[in-house]
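Here's the structure, in structure tokens; my notes come after.
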Amino acid sequence: MPRTEIISTGFHVPANVVTNEELTEWWDTSDEWIRERTGIEQRYWVDKGKEAGSDLAAEASRQALERADMDASEIDCIVYATLSPDYYFPGGGVFLQRKLGLAGIPAIDIRNQCTGFVYGLSVADAWIRTGQYSRILLVGAEVHSTGIDYGPEGRDLGVLFGDGAGAAILGPTEDDGRGVLSTHLFADGKGAEKLWLGAEGGADYPRLSKEDVETGRIYPTMEGREVFKNAVVRMPESVMVALEANGLGAEDVDLVIAHQANLRINEMVTRRLGLSDDQVYNNIQQYGNTTAATIPIAMDEAVQKGLLERGDLLILTAFGSGFTWASAAIRW
Ligand code: COA
């Protein structure tokens with residue numbers, strides 16, 4: 001059975017840079033607070049109402065196609081990870097498909113928030129190994145800036161998130177030893193309300209009321225400390241599962257790309273795994289938390305900076321809303 005290799009990557013963020021300082025226009029916050037607690041220095045936000053997640057995804061996908069020297073028509077499946085689809089339904093995947101002119105091929109949405117890209121990788125990997133599809137476009141794309149509470153209550157979540165998209169083109173490789181070695185997925189719905197958007201869903205009647213808008217129920221909420229506590233346990237755990245499944249140890253790792261939710265979380269993960277700083281790639285400083293897009297954006301940056309070379313061992317790990325968490329081991 002072939003393994004799945006990552007043929008190419010790409011990413012795209014909106015043109016509009018928003019510094020921490022600029023956030024003080026809406027919220028009682030400061031550059032110092034945000035940097036100290038999260039490491040974030042700036043993020044990119046869309047031109048609101050003019051750019052959607054699928055637009056960012058299309059740009060990221062075109063870049064990945066160009067780098068692979070492939071025509072879009074060679075893609076035979078789209079896997080689209082997002083928590084912020086352009087519309088409630090249909091999912092974002094079909095809008096990306098339309099923008100790439102790929103009518104007819106399947107487009108599946110993955111709704112696993114910050115873990116979405118790794119969940120999507122696991123699905124795509126299984127399809128490629130069994131031969132069902134041979135050129136899968138896997139995308140993580142988010143637009144948060146249109147769903148943030150710009151009122152005083154919104155500062156705790158609002159400062160964390162950025163907009164962006166990352167893409168990877170996956171295909172089979174017969175080159176023994178390379179490719180996706182394993183993926184491990186986990187979830188525990190007991191934590192669902194710790195980070196969620198509790199309105200506008202099918203459980204509500206009416207789904208959306210004037211009161212929801214007035215009381216701010218239309219915005220996501222988070223118990224930050226609880227999320228933090230779980231993230232620093234679950235991500236290292238999932239990395240250890242990945243290493244053990246492949247008979248490897250921390251010393252074998254060339255690069256870890258962890259979901260970019262908070263630099264302090266990732267520093268703790270690095271220490272808990274006994275890794276050195278240069279074994280872990282972080283870029284939250286520039287982009288903030290782009291949920292499903294953080295890992296493919298970081299992966300593409302690492303490739304462009306020459307931090308990933310053929311044969312390197314790359315470990316991905318993510319934790320987020322659900323709670324869900326996951327890891328992947330990839331021989332680059
Ligand atoms: N600017 C300034 N002050 C802020 C603020 C902001 N943006 N947000 C919250 N505060 C204040 C709080 O009101 C609180 O004030 P008080 O002490 O007067 O009550 C104080 O800062 C501490 O708030 P707290 O929420 O306890 O801070 P924290 O140390 O837990 O840091 C997070 C907050 C969000 C940075 C941190 O909890 C975190 O990163 N959690 C995980 C988030 C995450 O990973 N989310 C995505 C998962 S995929």
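Each chain in the structure tokens gets a letter, A, B, ..., in the order shown, and its residues are numbered from 1; ligands are numbered from 1 in order too.
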
Set the cut-off to 7 Å, count only C-alpha atoms and all ligand atoms, and list whatever residues fall near ligand 1 as a short mmCIF file (atom, residue, chain, number, x, y, z; two decimals) with C-alpha atoms, in the first residue's frame.
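Output file part_27.cif follows:
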```
data_model
loop_
_atom_site.label_atom_id
_atom_site.label_comp_id
_atom_site.auth_asym_id
_atom_site.auth_seq_id
_atom_site.Cartn_x
_atom_site.Cartn_y
_atom_site.Cartn_z
CA ASP A 28 -9.46 47.88 27.01
CA THR A 29 -6.27 45.95 26.30
CA SER A 30 -2.60 46.61 25.60
CA TRP A 33 -0.83 42.21 27.93
CA ILE A 34 -1.31 40.45 24.61
CA ARG A 37 0.06 36.24 27.76
CA THR A 38 -0.01 34.95 24.17
CA CYS A 114 -8.24 23.96 15.70
CA ARG A 155 -11.53 41.42 24.40
CA ASP A 156 -10.50 38.06 25.88
CA LEU A 157 -11.21 36.16 22.65
CA VAL A 159 -7.27 39.65 20.59
CA GLY A 224 -9.34 30.34 28.77
CA ARG A 225 -7.60 28.73 31.73
CA VAL A 227 -8.53 25.35 27.62
CA PHE A 228 -4.92 26.20 28.45
CA ALA A 231 -3.94 21.93 25.76
CA ALA A 261 -3.18 29.13 19.94
CA ASN A 262 -0.79 30.67 22.40
CA THR A 291 -7.61 27.78 13.99
CA PHE A 319 -5.78 20.86 20.46
CA GLY A 320 -8.98 22.85 20.41
CA SER A 321 -12.70 23.26 20.78
#
```

| field | Test item: residues at most 7 Å from range 57-68 of chain A, only C-alpha atoms, excluding those fewer than 6 positions along its chain, as a PyMOL selection string | value | chain A and resi 7-12+96+99-100+139+141+165-169

| task | Grab the CA of Phe323 in chain A to CA of Gly91 in chain A distance for me, in Å with one decimal place. | result |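 Distance between the two atoms: 21.3 Å.
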
| Nearest candidate to Asp149 in chain A (options A:Thr173, A:Thr221, A:Gln113, A:Thr130; using only C-alpha atoms) | A:Thr221

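Excluding Ala328 in chain A itself and any same-chain residue fewer than 2 positions from it, the protein and nucleic acid residues within 7 Å of it, counting only C-alpha atoms, are Val118, Ser182, Thr183, His184, Ala242, Ile315, Leu316, Thr317 and Ile330 of chain A.
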
Restricting it to N, CA, C and O atoms, dump the selection as a PDB file, in the first residue's frame.
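Everything below was put into result17.pdb:
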```pdb
ATOM      1  N   VAL A 118      -5.495  18.461  11.022  1.00  0.00           N
ATOM      2  CA  VAL A 118      -4.941  17.124  11.294  1.00  0.00           C
ATOM      3  C   VAL A 118      -6.031  16.058  11.104  1.00  0.00           C
ATOM      4  O   VAL A 118      -5.765  14.976  10.562  1.00  0.00           O
ATOM      5  N   SER A 182       1.729   8.106  10.438  1.00  0.00           N
ATOM      6  CA  SER A 182       0.560   7.800  11.271  1.00  0.00           C
ATOM      7  C   SER A 182      -0.216   9.075  11.572  1.00  0.00           C
ATOM      8  O   SER A 182       0.352  10.176  11.510  1.00  0.00           O
ATOM      9  N   THR A 183      -1.508   8.900  11.866  1.00  0.00           N
ATOM     10  CA  THR A 183      -2.305  10.001  12.432  1.00  0.00           C
ATOM     11  C   THR A 183      -3.064   9.429  13.622  1.00  0.00           C
ATOM     12  O   THR A 183      -3.463   8.258  13.596  1.00  0.00           O
ATOM     13  N   HIS A 184      -3.240  10.225  14.643  1.00  0.00           N
ATOM     14  CA  HIS A 184      -4.001   9.799  15.829  1.00  0.00           C
ATOM     15  C   HIS A 184      -4.974  10.912  16.191  1.00  0.00           C
ATOM     16  O   HIS A 184      -4.557  12.067  16.377  1.00  0.00           O
ATOM     17  N   ALA A 242       2.206   9.454  18.887  1.00  0.00           N
ATOM     18  CA  ALA A 242       2.732   9.393  17.509  1.00  0.00           C
ATOM     19  C   ALA A 242       4.133   8.786  17.495  1.00  0.00           C
ATOM     20  O   ALA A 242       4.447   7.935  16.662  1.00  0.00           O
ATOM     21  N   ILE A 315       6.462  16.319  13.122  1.00  0.00           N
ATOM     22  CA  ILE A 315       5.310  15.931  13.952  1.00  0.00           C
ATOM     23  C   ILE A 315       4.343  17.110  14.015  1.00  0.00           C
ATOM     24  O   ILE A 315       4.740  18.236  14.312  1.00  0.00           O
ATOM     25  N   LEU A 316       3.076  16.825  13.735  1.00  0.00           N
ATOM     26  CA  LEU A 316       2.026  17.841  13.889  1.00  0.00           C
ATOM     27  C   LEU A 316       1.210  17.503  15.118  1.00  0.00           C
ATOM     28  O   LEU A 316       0.951  16.321  15.397  1.00  0.00           O
ATOM     29  N   THR A 317       0.785  18.525  15.845  1.00  0.00           N
ATOM     30  CA  THR A 317      -0.108  18.280  16.977  1.00  0.00           C
ATOM     31  C   THR A 317      -1.046  19.475  17.150  1.00  0.00           C
ATOM     32  O   THR A 317      -0.659  20.621  16.884  1.00  0.00           O
ATOM     33  N   ILE A 330       5.082  12.551  10.117  1.00  0.00           N
ATOM     34  CA  ILE A 330       5.308  12.596   8.670  1.00  0.00           C
ATOM     35  C   ILE A 330       6.802  12.527   8.392  1.00  0.00           C
ATOM     36  O   ILE A 330       7.586  13.306   8.947  1.00  0.00           O
TER      37      ILE A 330
END
```

| query | From the set A:Tyr281, A:Phe89, A:Arg234, A:Leu313, which residue has the shortest atom-to-atom contact distance to Asn246 in chain A, counting only C-alpha atoms? | reply | A:Leu313

| field | From A:Glu237, A:Glu153, A:Asp252, A:Asp204, residue lying nearest Leu273 in chain A [only C-alpha atoms] | value | A:Glu237

| request: Give the answer as one residue: which of A:Thr82, A:Thr215, A:Ser122, A:Thr290 has the shortest atom-to-atom distance to Pro14 in chain A, using only C-alpha atoms? | output: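 Of A:Thr82, A:Thr215, A:Ser122, A:Thr290, the one nearest Pro14 in chain A is A:Thr290, counting only C-alpha atoms.
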